[in-house]
>>> print(open('target.cif').read())   # mmCIF, C-alpha atoms
data_upload
loop_
_atom_site.group_PDB
_atom_site.id
_atom_site.type_symbol
_atom_site.label_atom_id
_atom_site.label_comp_id
_atom_site.auth_asym_id
_atom_site.auth_seq_id
_atom_site.Cartn_x
_atom_site.Cartn_y
_atom_site.Cartn_z
ATOM 1 C CA MET O 1 16.432 49.127 -25.792
ATOM 2 C CA ARG O 2 16.951 52.139 -23.530
ATOM 3 C CA LEU O 3 15.498 51.711 -20.080
ATOM 4 C CA GLY O 4 14.537 55.373 -19.976
ATOM 5 C CA ALA O 5 12.365 55.043 -23.092
ATOM 6 C CA GLU O 6 9.441 53.729 -21.014
ATOM 7 C CA LEU O 7 9.707 56.324 -18.252
ATOM 8 C CA PRO O 8 8.422 59.861 -17.709
ATOM 9 C CA ASP O 9 10.766 62.738 -18.519
ATOM 10 C CA ALA O 10 11.600 63.316 -14.840
ATOM 11 C CA ALA O 11 12.477 59.671 -14.291
ATOM 12 C CA ARG O 12 14.482 59.498 -17.506
ATOM 13 C CA MET O 13 16.520 62.535 -16.485
ATOM 14 C CA GLN O 14 17.159 61.014 -13.068
ATOM 15 C CA LEU O 15 18.240 57.727 -14.659
ATOM 16 C CA ASP O 16 20.687 59.488 -16.975
ATOM 17 C CA LEU O 17 22.313 61.207 -13.993
ATOM 18 C CA THR O 18 23.259 57.863 -12.459
ATOM 19 C CA ARG O 19 25.268 56.619 -15.426
ATOM 20 C CA ASP O 20 28.921 56.132 -14.513
ATOM 21 C CA THR O 21 31.168 56.436 -17.558
ATOM 22 C CA ASP O 22 34.200 55.122 -15.680
ATOM 23 C CA SER O 23 32.835 51.580 -15.287
ATOM 24 C CA ILE O 24 31.627 48.885 -17.644
ATOM 25 C CA SER O 25 28.125 49.742 -18.867
ATOM 26 C CA ALA O 26 27.439 51.677 -15.668
ATOM 27 C CA LEU O 27 27.798 48.583 -13.522
ATOM 28 C CA ASP O 28 27.730 48.976 -9.764
ATOM 29 C CA ASP O 29 30.545 47.756 -7.536
ATOM 30 C CA GLU O 30 29.103 44.281 -7.003
ATOM 31 C CA GLU O 31 28.605 43.699 -10.715
ATOM 32 C CA GLN O 32 32.127 44.942 -11.430
ATOM 33 C CA ARG O 33 33.481 42.413 -8.957
ATOM 34 C CA SER O 34 31.395 39.677 -10.587
ATOM 35 C CA VAL O 35 32.706 40.555 -14.064
ATOM 36 C CA SER O 36 36.255 40.684 -12.705
ATOM 37 C CA ARG O 37 35.940 37.222 -11.140
ATOM 38 C CA THR O 38 34.498 35.767 -14.350
ATOM 39 C CA VAL O 39 37.292 37.192 -16.515
ATOM 40 C CA THR O 40 39.911 35.934 -14.044
ATOM 41 C CA HIS O 41 38.417 32.419 -14.120
ATOM 42 C CA ILE O 42 38.436 32.408 -17.934
ATOM 43 C CA HIS O 43 42.105 33.429 -17.908
ATOM 44 C CA TRP O 44 43.081 30.609 -15.575
ATOM 45 C CA LEU O 45 40.945 28.086 -17.503
ATOM 46 C CA LEU O 46 42.798 28.907 -20.716
ATOM 47 C CA LEU O 47 46.163 28.711 -18.976
ATOM 48 C CA PHE O 48 45.245 25.352 -17.399
ATOM 49 C CA LEU O 49 44.042 23.860 -20.707
ATOM 50 C CA VAL O 50 47.254 24.710 -22.537
ATOM 51 C CA LEU O 51 49.402 23.602 -19.609
ATOM 52 C CA ALA O 52 47.529 20.289 -19.361
ATOM 53 C CA TYR O 53 47.999 19.753 -23.092
ATOM 54 C CA LEU O 54 51.734 20.346 -22.709
ATOM 55 C CA LEU O 55 52.153 18.145 -19.612
ATOM 56 C CA LEU O 56 50.150 15.279 -21.096
ATOM 57 C CA GLY O 57 52.499 15.081 -24.083
ATOM 58 C CA GLY O 58 50.424 16.962 -26.618
ATOM 59 C CA SER O 59 53.585 18.222 -28.308
ATOM 60 C CA HIS O 60 54.610 14.607 -29.001
ATOM 61 C CA GLY O 61 58.150 15.113 -27.738
ATOM 62 C CA ASP O 62 58.893 18.022 -30.046
ATOM 63 C CA ALA O 63 61.388 20.001 -27.969
ATOM 64 C CA GLU O 64 61.055 23.153 -30.065
ATOM 65 C CA ALA O 65 57.249 23.160 -29.818
ATOM 66 C CA SER O 66 57.378 22.452 -26.073
ATOM 67 C CA ALA O 67 59.803 25.314 -25.517
ATOM 68 C CA ALA O 68 57.686 27.705 -27.602
ATOM 69 C CA ILE O 69 54.480 26.766 -25.775
ATOM 70 C CA SER O 70 56.244 27.060 -22.413
ATOM 71 C CA SER O 71 57.439 30.567 -23.271
ATOM 72 C CA GLY O 72 53.900 31.459 -24.320
ATOM 73 C CA LEU O 73 52.592 30.151 -20.991
ATOM 74 C CA PHE O 74 55.115 32.286 -19.140
ATOM 75 C CA PHE O 75 54.205 35.529 -20.911
ATOM 76 C CA TYR O 76 50.477 34.836 -20.716
ATOM 77 C CA GLY O 77 50.803 34.085 -17.010
ATOM 78 C CA ALA O 78 52.614 37.411 -16.612
ATOM 79 C CA LEU O 79 49.692 39.099 -18.399
ATOM 80 C CA ILE O 80 47.218 37.536 -15.963
ATOM 81 C CA VAL O 81 49.238 38.550 -12.921
ATOM 82 C CA GLY O 82 49.762 42.069 -14.247
ATOM 83 C CA PHE O 83 46.134 42.764 -15.111
ATOM 84 C CA ARG O 84 44.381 40.729 -12.438
ATOM 85 C CA TYR O 85 46.624 40.894 -9.358
ATOM 86 C CA ALA O 86 49.251 43.610 -9.792
ATOM 87 C CA LYS O 87 46.488 46.187 -10.441
ATOM 88 C CA VAL O 88 47.904 47.582 -13.674
ATOM 89 C CA ALA O 89 44.484 49.206 -14.089
ATOM 90 C CA ARG O 90 42.382 49.986 -11.035
ATOM 91 C CA HIS O 91 38.922 49.690 -12.604
ATOM 92 C CA GLU O 92 37.251 47.120 -14.824
ATOM 93 C CA THR O 93 37.132 49.295 -17.930
ATOM 94 C CA ARG O 94 36.301 48.180 -21.451
ATOM 95 C CA LEU O 95 39.836 49.031 -22.576
ATOM 96 C CA LYS O 96 41.364 46.850 -19.873
ATOM 97 C CA ILE O 97 39.255 43.783 -20.691
ATOM 98 C CA ALA O 98 39.593 44.342 -24.449
ATOM 99 C CA THR O 99 43.376 44.388 -24.048
ATOM 100 C CA GLU O 100 43.209 41.134 -22.092
ATOM 101 C CA THR O 101 41.071 39.440 -24.744
ATOM 102 C CA VAL O 102 43.561 40.454 -27.441
ATOM 103 C CA GLY O 103 46.241 38.881 -25.254
ATOM 104 C CA MET O 104 44.130 35.717 -25.069
ATOM 105 C CA VAL O 105 43.775 35.554 -28.846
ATOM 106 C CA ALA O 106 47.515 36.125 -29.335
ATOM 107 C CA PHE O 107 48.377 33.368 -26.842
ATOM 108 C CA ILE O 108 45.934 30.895 -28.425
ATOM 109 C CA THR O 109 47.266 31.659 -31.906
ATOM 110 C CA TRP O 110 50.810 31.123 -30.677
ATOM 111 C CA ALA O 111 49.848 27.775 -29.143
ATOM 112 C CA LEU O 112 47.980 26.618 -32.260
ATOM 113 C CA HIS O 113 50.952 27.470 -34.456
ATOM 114 C CA TYR O 114 52.962 24.802 -32.620
ATOM 115 C CA THR O 115 50.181 22.250 -32.093
ATOM 116 C CA GLY O 116 48.682 21.607 -35.527
ATOM 117 C CA GLY O 117 46.918 24.800 -36.553
ATOM 118 C CA LEU O 118 43.162 24.504 -37.011
ATOM 119 C CA ASN O 119 43.431 20.753 -36.453
ATOM 120 C CA SER O 120 44.836 21.309 -32.965
ATOM 121 C CA PRO O 121 42.758 20.107 -29.990
ATOM 122 C CA LEU O 122 43.228 23.635 -28.618
ATOM 123 C CA ALA O 123 41.457 25.306 -31.563
ATOM 124 C CA SER O 124 38.194 25.473 -29.606
ATOM 125 C CA THR O 125 39.831 27.704 -26.978
ATOM 126 C CA TYR O 126 39.144 30.662 -29.301
ATOM 127 C CA LEU O 127 35.711 30.482 -27.678
ATOM 128 C CA LEU O 128 37.092 31.871 -24.404
ATOM 129 C CA PRO O 129 38.102 35.396 -25.514
ATOM 130 C CA VAL O 130 34.944 35.698 -27.603
ATOM 131 C CA VAL O 131 32.748 34.686 -24.649
ATOM 132 C CA THR O 132 34.625 37.197 -22.477
ATOM 133 C CA SER O 133 33.888 39.959 -24.978
ATOM 134 C CA ALA O 134 30.246 38.941 -25.292
ATOM 135 C CA LEU O 135 29.783 39.012 -21.523
ATOM 136 C CA ALA O 136 31.555 42.270 -20.761
ATOM 137 C CA LEU O 137 32.267 44.383 -23.841
ATOM 138 C CA GLY O 138 29.119 44.571 -25.940
ATOM 139 C CA ARG O 139 28.197 43.846 -29.528
ATOM 140 C CA ILE O 140 30.618 46.029 -31.496
ATOM 141 C CA ILE O 141 33.758 44.910 -29.679
ATOM 142 C CA THR O 142 32.613 41.278 -29.801
ATOM 143 C CA VAL O 143 32.173 41.477 -33.574
ATOM 144 C CA ALA O 144 35.655 43.016 -33.831
ATOM 145 C CA GLU O 145 36.950 40.177 -31.646
ATOM 146 C CA LEU O 146 35.372 37.648 -33.996
ATOM 147 C CA GLY O 147 37.105 39.351 -36.907
ATOM 148 C CA LEU O 148 40.435 39.095 -35.091
ATOM 149 C CA VAL O 149 39.832 35.413 -34.375
ATOM 150 C CA ALA O 150 38.965 34.791 -38.034
ATOM 151 C CA LEU O 151 42.185 36.511 -39.143
ATOM 152 C CA CYS O 152 44.244 34.450 -36.709
ATOM 153 C CA GLN O 153 42.569 31.251 -37.877
ATOM 154 C CA ILE O 154 43.567 32.092 -41.427
ATOM 155 C CA LEU O 155 47.142 32.764 -40.325
ATOM 156 C CA VAL O 156 47.530 29.460 -38.483
ATOM 157 C CA GLY O 157 45.467 27.384 -40.929
ATOM 158 C CA ALA O 158 46.821 28.443 -44.297
ATOM 159 C CA GLY O 159 50.026 26.672 -45.213
ATOM 160 C CA SER O 160 50.553 29.008 -48.172
ATOM 161 C CA PRO O 161 48.640 31.862 -49.840
ATOM 162 C CA GLY O 162 47.460 29.480 -52.542
ATOM 163 C CA THR O 163 45.477 27.395 -50.084
ATOM 164 C CA LEU O 164 43.251 30.277 -48.917
ATOM 165 C CA LEU O 165 40.727 29.874 -51.734
ATOM 166 C CA THR O 166 40.634 26.100 -51.843
ATOM 167 C CA LEU O 167 37.400 24.381 -50.885
ATOM 168 C CA PRO O 168 38.986 22.145 -48.207
ATOM 169 C CA PHE O 169 40.496 25.134 -46.411
ATOM 170 C CA LEU O 170 37.312 27.230 -46.688
ATOM 171 C CA GLY O 171 35.216 24.364 -45.385
ATOM 172 C CA GLU O 172 37.517 23.822 -42.428
ATOM 173 C CA PHE O 173 37.652 27.572 -41.740
ATOM 174 C CA VAL O 174 33.848 27.952 -41.730
ATOM 175 C CA ALA O 175 33.439 24.833 -39.590
ATOM 176 C CA GLN O 176 35.807 26.323 -37.009
ATOM 177 C CA LEU O 177 34.431 29.870 -37.030
ATOM 178 C CA ALA O 178 30.673 29.219 -37.218
ATOM 179 C CA PRO O 179 30.308 27.631 -33.736
ATOM 180 C CA ILE O 180 32.344 30.482 -32.218
ATOM 181 C CA ALA O 181 30.091 33.074 -33.865
ATOM 182 C CA LEU O 182 26.971 31.213 -32.685
ATOM 183 C CA VAL O 183 28.207 31.014 -29.103
ATOM 184 C CA ALA O 184 29.064 34.733 -29.216
ATOM 185 C CA TYR O 185 25.556 35.598 -30.431
ATOM 186 C CA VAL O 186 23.816 33.476 -27.794
ATOM 187 C CA THR O 187 26.057 34.816 -25.024
ATOM 188 C CA MET O 188 25.425 38.435 -26.040
ATOM 189 C CA ARG O 189 21.648 37.923 -26.056
ATOM 190 C CA PHE O 190 21.735 36.115 -22.728
ATOM 191 C CA SER O 191 23.989 38.728 -21.135
ATOM 192 C CA ALA O 192 21.910 41.637 -22.469
ATOM 193 C CA GLY O 193 18.708 40.103 -21.109
ATOM 194 C CA ILE O 194 20.175 39.592 -17.652
ATOM 195 C CA ARG O 195 21.718 43.057 -17.566
ATOM 196 C CA TYR O 196 18.491 44.704 -18.669
ATOM 197 C CA GLY O 197 16.555 42.843 -15.979
ATOM 198 C CA LEU O 198 19.051 43.784 -13.281
ATOM 199 C CA THR O 199 19.130 47.416 -14.402
ATOM 200 C CA ARG O 200 15.339 47.548 -14.495
ATOM 201 C CA ALA O 201 15.012 45.998 -11.028
ATOM 202 C CA ARG O 202 17.657 48.343 -9.594
ATOM 203 C CA HIS O 203 15.987 51.358 -11.139
ATOM 204 C CA LEU O 204 12.574 50.403 -9.757
ATOM 205 C CA SER O 205 14.049 49.888 -6.290
ATOM 206 C CA GLN O 206 15.526 53.410 -6.371
ATOM 207 C CA THR O 207 12.598 55.265 -7.963
ATOM 208 C CA ASP O 208 9.415 56.685 -6.514
ATOM 209 C CA GLU O 209 6.562 55.114 -8.450
ATOM 210 C CA LEU O 210 4.258 58.133 -8.241
ATOM 211 C CA THR O 211 6.575 60.978 -9.289
ATOM 212 C CA GLY O 212 9.295 59.168 -11.228
ATOM 213 C CA LEU O 213 11.959 60.845 -9.068
ATOM 214 C CA PHE O 214 14.470 59.029 -6.917
ATOM 215 C CA ASN O 215 13.132 57.622 -3.670
ATOM 216 C CA ARG O 216 15.076 58.047 -0.425
ATOM 217 C CA ARG O 217 17.256 54.985 -1.048
ATOM 218 C CA GLY O 218 18.204 56.059 -4.572
ATOM 219 C CA PHE O 219 18.898 59.628 -3.523
ATOM 220 C CA VAL O 220 21.166 58.589 -0.651
ATOM 221 C CA MET O 221 23.230 56.405 -3.010
ATOM 222 C CA VAL O 222 23.671 59.216 -5.547
ATOM 223 C CA ALA O 223 24.362 61.838 -2.867
ATOM 224 C CA GLU O 224 26.991 59.714 -1.109
ATOM 225 C CA ARG O 225 28.814 59.091 -4.395
ATOM 226 C CA HIS O 226 28.680 62.781 -5.277
ATOM 227 C CA PHE O 227 29.866 63.964 -1.866
ATOM 228 C CA ASP O 228 32.759 61.488 -1.920
ATOM 229 C CA ARG O 229 33.919 62.767 -5.301
ATOM 230 C CA GLY O 230 33.247 66.374 -4.358
ATOM 231 C CA ALA O 231 35.324 66.057 -1.206
ATOM 232 C CA ARG O 232 38.290 64.768 -3.219
ATOM 233 C CA ALA O 233 37.934 67.468 -5.878
ATOM 234 C CA GLY O 234 37.052 70.304 -3.502
ATOM 235 C CA ARG O 235 33.690 70.944 -5.187
ATOM 236 C CA PRO O 236 30.809 72.366 -3.111
ATOM 237 C CA ALA O 237 27.229 71.156 -3.153
ATOM 238 C CA GLY O 238 23.920 72.566 -1.937
ATOM 239 C CA LEU O 239 20.968 70.712 -0.461
ATOM 240 C CA LEU O 240 17.309 71.775 -0.519
ATOM 241 C CA MET O 241 14.634 70.248 1.707
ATOM 242 C CA ILE O 242 11.113 70.962 0.425
ATOM 243 C CA ASP O 243 7.957 70.229 2.409
ATOM 244 C CA SER O 244 4.448 70.281 0.898
ATOM 245 C CA ASP O 245 2.350 72.100 3.462
ATOM 246 C CA ASN O 246 -1.241 71.067 4.193
ATOM 247 C CA LEU O 247 -1.215 68.024 1.894
ATOM 248 C CA LYS O 248 -3.372 66.164 4.415
ATOM 249 C CA SER O 249 -6.146 68.721 4.055
ATOM 250 C CA ILE O 250 -6.074 68.234 0.260
ATOM 251 C CA ASN O 251 -6.397 64.478 0.730
ATOM 252 C CA ASP O 252 -9.215 64.872 3.264
ATOM 253 C CA THR O 253 -11.138 67.375 1.126
ATOM 254 C CA TYR O 254 -10.614 66.096 -2.428
ATOM 255 C CA GLY O 255 -9.402 62.543 -1.917
ATOM 256 C CA HIS O 256 -6.001 60.821 -2.167
ATOM 257 C CA GLU O 257 -6.077 60.786 -5.949
ATOM 258 C CA ALA O 258 -6.130 64.576 -5.970
ATOM 259 C CA GLY O 259 -3.237 64.604 -3.499
ATOM 260 C CA ASN O 260 -1.270 62.272 -5.759
ATOM 261 C CA LEU O 261 -1.904 64.509 -8.772
ATOM 262 C CA LEU O 262 -0.690 67.485 -6.748
ATOM 263 C CA LEU O 263 2.527 65.673 -5.790
ATOM 264 C CA LYS O 264 3.147 64.711 -9.418
ATOM 265 C CA GLN O 265 2.620 68.328 -10.498
ATOM 266 C CA LEU O 266 4.987 69.530 -7.788
ATOM 267 C CA ALA O 267 7.655 67.066 -8.948
ATOM 268 C CA GLU O 268 7.316 68.103 -12.604
ATOM 269 C CA THR O 269 7.423 71.815 -11.717
ATOM 270 C CA MET O 270 10.474 71.310 -9.518
ATOM 271 C CA VAL O 271 12.420 69.348 -12.152
ATOM 272 C CA ALA O 272 11.565 71.956 -14.786
ATOM 273 C CA GLN O 273 13.318 74.619 -12.703
ATOM 274 C CA LEU O 274 16.485 72.592 -12.043
ATOM 275 C CA ARG O 275 19.682 72.281 -14.021
ATOM 276 C CA GLY O 276 20.478 69.053 -15.792
ATOM 277 C CA THR O 277 23.144 68.254 -13.196
ATOM 278 C CA ASP O 278 20.845 68.635 -10.163
ATOM 279 C CA VAL O 279 19.178 65.621 -8.562
ATOM 280 C CA ALA O 280 15.666 65.675 -7.113
ATOM 281 C CA ALA O 281 13.997 62.997 -4.992
ATOM 282 C CA ARG O 282 10.810 62.311 -3.083
ATOM 283 C CA TYR O 283 12.240 61.896 0.398
ATOM 284 C CA GLY O 284 9.032 61.078 2.239
ATOM 285 C CA GLY O 285 5.257 61.266 1.904
ATOM 286 C CA ASP O 286 5.091 64.997 1.150
ATOM 287 C CA GLU O 287 8.777 65.868 1.396
ATOM 288 C CA PHE O 288 11.206 66.433 -1.447
ATOM 289 C CA VAL O 289 14.971 66.894 -1.458
ATOM 290 C CA VAL O 290 17.233 68.377 -4.145
ATOM 291 C CA LEU O 291 21.008 68.012 -4.524
ATOM 292 C CA LEU O 292 22.516 71.047 -6.231
ATOM 293 C CA ARG O 293 25.874 70.035 -7.691
ATOM 294 C CA ASN O 294 28.776 72.498 -7.686
ATOM 295 C CA THR O 295 26.715 75.023 -5.712
ATOM 296 C CA PRO O 296 28.134 76.892 -2.683
#
>>> encode(input="target.cif", output="structure tokens")
Amino acid sequence: MRLGAELPDAARMQLDLTRDTDSISALDDEEQRSVSRTVTHIHWLLLFLVLAYLLLGGSHGDAEASAAISSGLFFYGALIVGFRYAKVARHETRLKIATETVGMVAFITWALHYTGGLNSPLASTYLLPVVTSALALGRIITVAELGLVALCQILVGAGSPGTLLTLPFLGEFVAQLAPIALVAYVTMRFSAGIRYGLTRARHLSQTDELTGLFNRRGFVMVAERHFDRGARAGRPAGLLMIDSDNLKSINDTYGHEAGNLLLKQLAETMVAQLRGTDVAARYGGDEFVVLLRNTP
């Protein structure tokens, strides 16, 4: 559901201007840090589970399996360090996290190959990359992630091509995949509900209820971000301050409701004359401000 669907045209246009395509689902800095911490914790949890399995003798003294799992731990640890601490990518983008989840799936598949396939105690760790996708990457990528997990389960579970269509293998495959799909669905619904609530609350805190434009707080946040980027790119910007003269006399003569209608009409007229890239706000009681992007 689009947040702007419930809002007036002016408010919907203002909301669209705040979308940041460089971050995950237009998250702000604090939410990006929260997502980053969660993904990092999931990485380390997976690494710890496999390492604990190896140290507690899960390979049953099989030197070849132990060596293979150890090499997998090394390369997966290098992936964590590279993506989480060496700053291979500066921002928490969908591509970055999707690449990490593919790395998770590859590492888990490698570990299962040497620890009993679908019967391995580590088979449930496929939940971790799927949960990561459901939390941070959205429905389409999560479904693709589930497909990748299903393919990997077939690869590690089928002893030969002839076993793929046997009832025992199909039953085991469905029993392994169904809980993962259910957890992915529940996590996506839970994450979408929280994100919608946070986005709605943030929007209301930055929007003037009467006109649907930004309030002072929302405008300052947008203007600071724009001026920072403009300073780096050498792009100019213009600023208009607009005062509604004699509004008090309108309120005194016709009542506050008439004054409110006048302010709403002023806001709609102003937005109708602006470009799609400009940003208008109600700065005070009868004062408006407009940011004109790329304007000397």
>>> resolve_selection(input="target.cif", expression="the PyMOL selection byres ((chain O and resi 123) around 12)", output="PDB file with C-alpha atoms, keeping the file's coordinate frame")
ATOM      1  CA  LEU O  46      42.798  28.907 -20.716  1.00  0.00           C
ATOM      2  CA  LEU O  49      44.042  23.860 -20.707  1.00  0.00           C
ATOM      3  CA  VAL O  50      47.254  24.710 -22.537  1.00  0.00           C
ATOM      4  CA  VAL O 105      43.775  35.554 -28.846  1.00  0.00           C
ATOM      5  CA  PHE O 107      48.377  33.368 -26.842  1.00  0.00           C
ATOM      6  CA  ILE O 108      45.934  30.895 -28.425  1.00  0.00           C
ATOM      7  CA  THR O 109      47.266  31.659 -31.906  1.00  0.00           C
ATOM      8  CA  TRP O 110      50.810  31.123 -30.677  1.00  0.00           C
ATOM      9  CA  ALA O 111      49.848  27.775 -29.143  1.00  0.00           C
ATOM     10  CA  LEU O 112      47.980  26.618 -32.260  1.00  0.00           C
ATOM     11  CA  HIS O 113      50.952  27.470 -34.456  1.00  0.00           C
ATOM     12  CA  TYR O 114      52.962  24.802 -32.620  1.00  0.00           C
ATOM     13  CA  THR O 115      50.181  22.250 -32.093  1.00  0.00           C
ATOM     14  CA  GLY O 116      48.682  21.607 -35.527  1.00  0.00           C
ATOM     15  CA  GLY O 117      46.918  24.800 -36.553  1.00  0.00           C
ATOM     16  CA  LEU O 118      43.162  24.504 -37.011  1.00  0.00           C
ATOM     17  CA  ASN O 119      43.431  20.753 -36.453  1.00  0.00           C
ATOM     18  CA  SER O 120      44.836  21.309 -32.965  1.00  0.00           C
ATOM     19  CA  PRO O 121      42.758  20.107 -29.990  1.00  0.00           C
ATOM     20  CA  LEU O 122      43.228  23.635 -28.618  1.00  0.00           C
ATOM     21  CA  SER O 124      38.194  25.473 -29.606  1.00  0.00           C
ATOM     22  CA  THR O 125      39.831  27.704 -26.978  1.00  0.00           C
ATOM     23  CA  TYR O 126      39.144  30.662 -29.301  1.00  0.00           C
ATOM     24  CA  LEU O 127      35.711  30.482 -27.678  1.00  0.00           C
ATOM     25  CA  LEU O 128      37.092  31.871 -24.404  1.00  0.00           C
ATOM     26  CA  VAL O 149      39.832  35.413 -34.375  1.00  0.00           C
ATOM     27  CA  ALA O 150      38.965  34.791 -38.034  1.00  0.00           C
ATOM     28  CA  CYS O 152      44.244  34.450 -36.709  1.00  0.00           C
ATOM     29  CA  GLN O 153      42.569  31.251 -37.877  1.00  0.00           C
ATOM     30  CA  VAL O 156      47.530  29.460 -38.483  1.00  0.00           C
ATOM     31  CA  GLY O 157      45.467  27.384 -40.929  1.00  0.00           C
ATOM     32  CA  GLU O 172      37.517  23.822 -42.428  1.00  0.00           C
ATOM     33  CA  PHE O 173      37.652  27.572 -41.740  1.00  0.00           C
ATOM     34  CA  ALA O 175      33.439  24.833 -39.590  1.00  0.00           C
ATOM     35  CA  GLN O 176      35.807  26.323 -37.009  1.00  0.00           C
ATOM     36  CA  LEU O 177      34.431  29.870 -37.030  1.00  0.00           C
ATOM     37  CA  PRO O 179      30.308  27.631 -33.736  1.00  0.00           C
ATOM     38  CA  ILE O 180      32.344  30.482 -32.218  1.00  0.00           C
TER      39      ILE O 180
END
>>> closest_residue(input="target.cif", among="O:Thr99, O:Gly218, O:Thr132, O:Ala181", to="Leu146 (chain O)", atoms="only C-alpha atoms")
O:Ala181
>>> resolve_selection(input="target.cif", expression="the PyMOL selection byres ((chain O and resi 237-253) around 7)", output="PDB file with C-alpha atoms, in the coordinates of the input")
ATOM      1  CA  ARG O 235      33.690  70.944  -5.187  1.00  0.00           C
ATOM      2  CA  PRO O 236      30.809  72.366  -3.111  1.00  0.00           C
ATOM      3  CA  TYR O 254     -10.614  66.096  -2.428  1.00  0.00           C
ATOM      4  CA  GLY O 255      -9.402  62.543  -1.917  1.00  0.00           C
ATOM      5  CA  HIS O 256      -6.001  60.821  -2.167  1.00  0.00           C
ATOM      6  CA  ALA O 258      -6.130  64.576  -5.970  1.00  0.00           C
ATOM      7  CA  GLY O 259      -3.237  64.604  -3.499  1.00  0.00           C
ATOM      8  CA  ASP O 286       5.091  64.997   1.150  1.00  0.00           C
ATOM      9  CA  GLU O 287       8.777  65.868   1.396  1.00  0.00           C
ATOM     10  CA  PHE O 288      11.206  66.433  -1.447  1.00  0.00           C
ATOM     11  CA  VAL O 289      14.971  66.894  -1.458  1.00  0.00           C
ATOM     12  CA  VAL O 290      17.233  68.377  -4.145  1.00  0.00           C
ATOM     13  CA  LEU O 291      21.008  68.012  -4.524  1.00  0.00           C
ATOM     14  CA  LEU O 292      22.516  71.047  -6.231  1.00  0.00           C
ATOM     15  CA  ARG O 293      25.874  70.035  -7.691  1.00  0.00           C
ATOM     16  CA  ASN O 294      28.776  72.498  -7.686  1.00  0.00           C
ATOM     17  CA  THR O 295      26.715  75.023  -5.712  1.00  0.00           C
ATOM     18  CA  PRO O 296      28.134  76.892  -2.683  1.00  0.00           C
TER      19      PRO O 296
END
>>> atom_distance(input="target.cif", atom1="CA of Leu95 (chain O)", atom2="CA of Thr40 (chain O)")
15.6 Å
>>> atom_distance(input="target.cif", atom1="CA of Gly57 (chain O)", atom2="CA of Ile42 (chain O)")
23.1 Å
>>> atom_distance(input="target.cif", atom1="CA of Gly197 (chain O)", atom2="CA of Thr142 (chain O)")
21.2 Å
>>> axis_aligned_box(input="target.cif", around="region 191-199 of chain O", padding_each_side="3 Å", output="lines of an AutoDock Vina configuration file")
center_x = 20.3
center_y = 43.1
center_z = -17.9
size_x = 13.4
size_y = 14.7
size_z = 15.2
>>> closest_residue(input="target.cif", among="O:Arg139, O:Arg217, O:Arg282, O:Arg94", to="Ala184 (chain O)", atoms="only C-alpha atoms")
O:Arg139
>>> closest_residue(input="target.cif", among="O:Val131, O:Leu56, O:Leu73, O:Ala231", to="Thr101 (chain O)", atoms="all atoms listed in the file")
O:Val131
>>> closest_residue(input="target.cif", among="O:Ala52, O:Leu155, O:Leu213, O:Val130", to="Ala267 (chain O)", atoms="all atoms listed in the file")
O:Leu213
>>> closest_residue(input="target.cif", among="O:Ala280, O:Leu263, O:Leu135, O:Leu182", to="Thr211 (chain O)", atoms="only C-alpha atoms")
O:Leu263
>>> decode(input="target.cif", residues="region 262-269 of chain O", atoms="N, CA, C and O atoms", output="compact mmCIF listing (two decimals), in the first residue's frame")
# COMPACT_ATOMS: atom_id res chain seq x y z
N LEU O 262 -8.32 29.61 3.47
CA LEU O 262 -7.47 30.49 2.68
C LEU O 262 -6.05 29.95 2.60
O LEU O 262 -5.42 29.93 1.53
N LEU O 263 -5.52 29.48 3.74
CA LEU O 263 -4.17 28.91 3.75
C LEU O 263 -4.08 27.67 2.87
O LEU O 263 -3.09 27.47 2.16
N LYS O 264 -5.11 26.81 2.92
CA LYS O 264 -5.12 25.63 2.07
C LYS O 264 -5.14 26.02 0.59
O LYS O 264 -4.44 25.42 -0.23
N GLN O 265 -5.93 27.05 0.25
CA GLN O 265 -5.99 27.50 -1.14
C GLN O 265 -4.66 28.08 -1.58
O GLN O 265 -4.19 27.86 -2.71
N LEU O 266 -4.01 28.82 -0.69
CA LEU O 266 -2.70 29.38 -0.99
C LEU O 266 -1.69 28.26 -1.27
O LEU O 266 -0.90 28.34 -2.22
N ALA O 267 -1.72 27.23 -0.42
CA ALA O 267 -0.78 26.11 -0.59
C ALA O 267 -1.02 25.40 -1.93
O ALA O 267 -0.07 25.09 -2.66
N GLU O 268 -2.28 25.15 -2.27
CA GLU O 268 -2.58 24.46 -3.52
C GLU O 268 -2.18 25.31 -4.73
O GLU O 268 -1.64 24.79 -5.72
N THR O 269 -2.43 26.62 -4.66
CA THR O 269 -2.07 27.51 -5.76
C THR O 269 -0.55 27.56 -5.93
O THR O 269 -0.03 27.53 -7.06
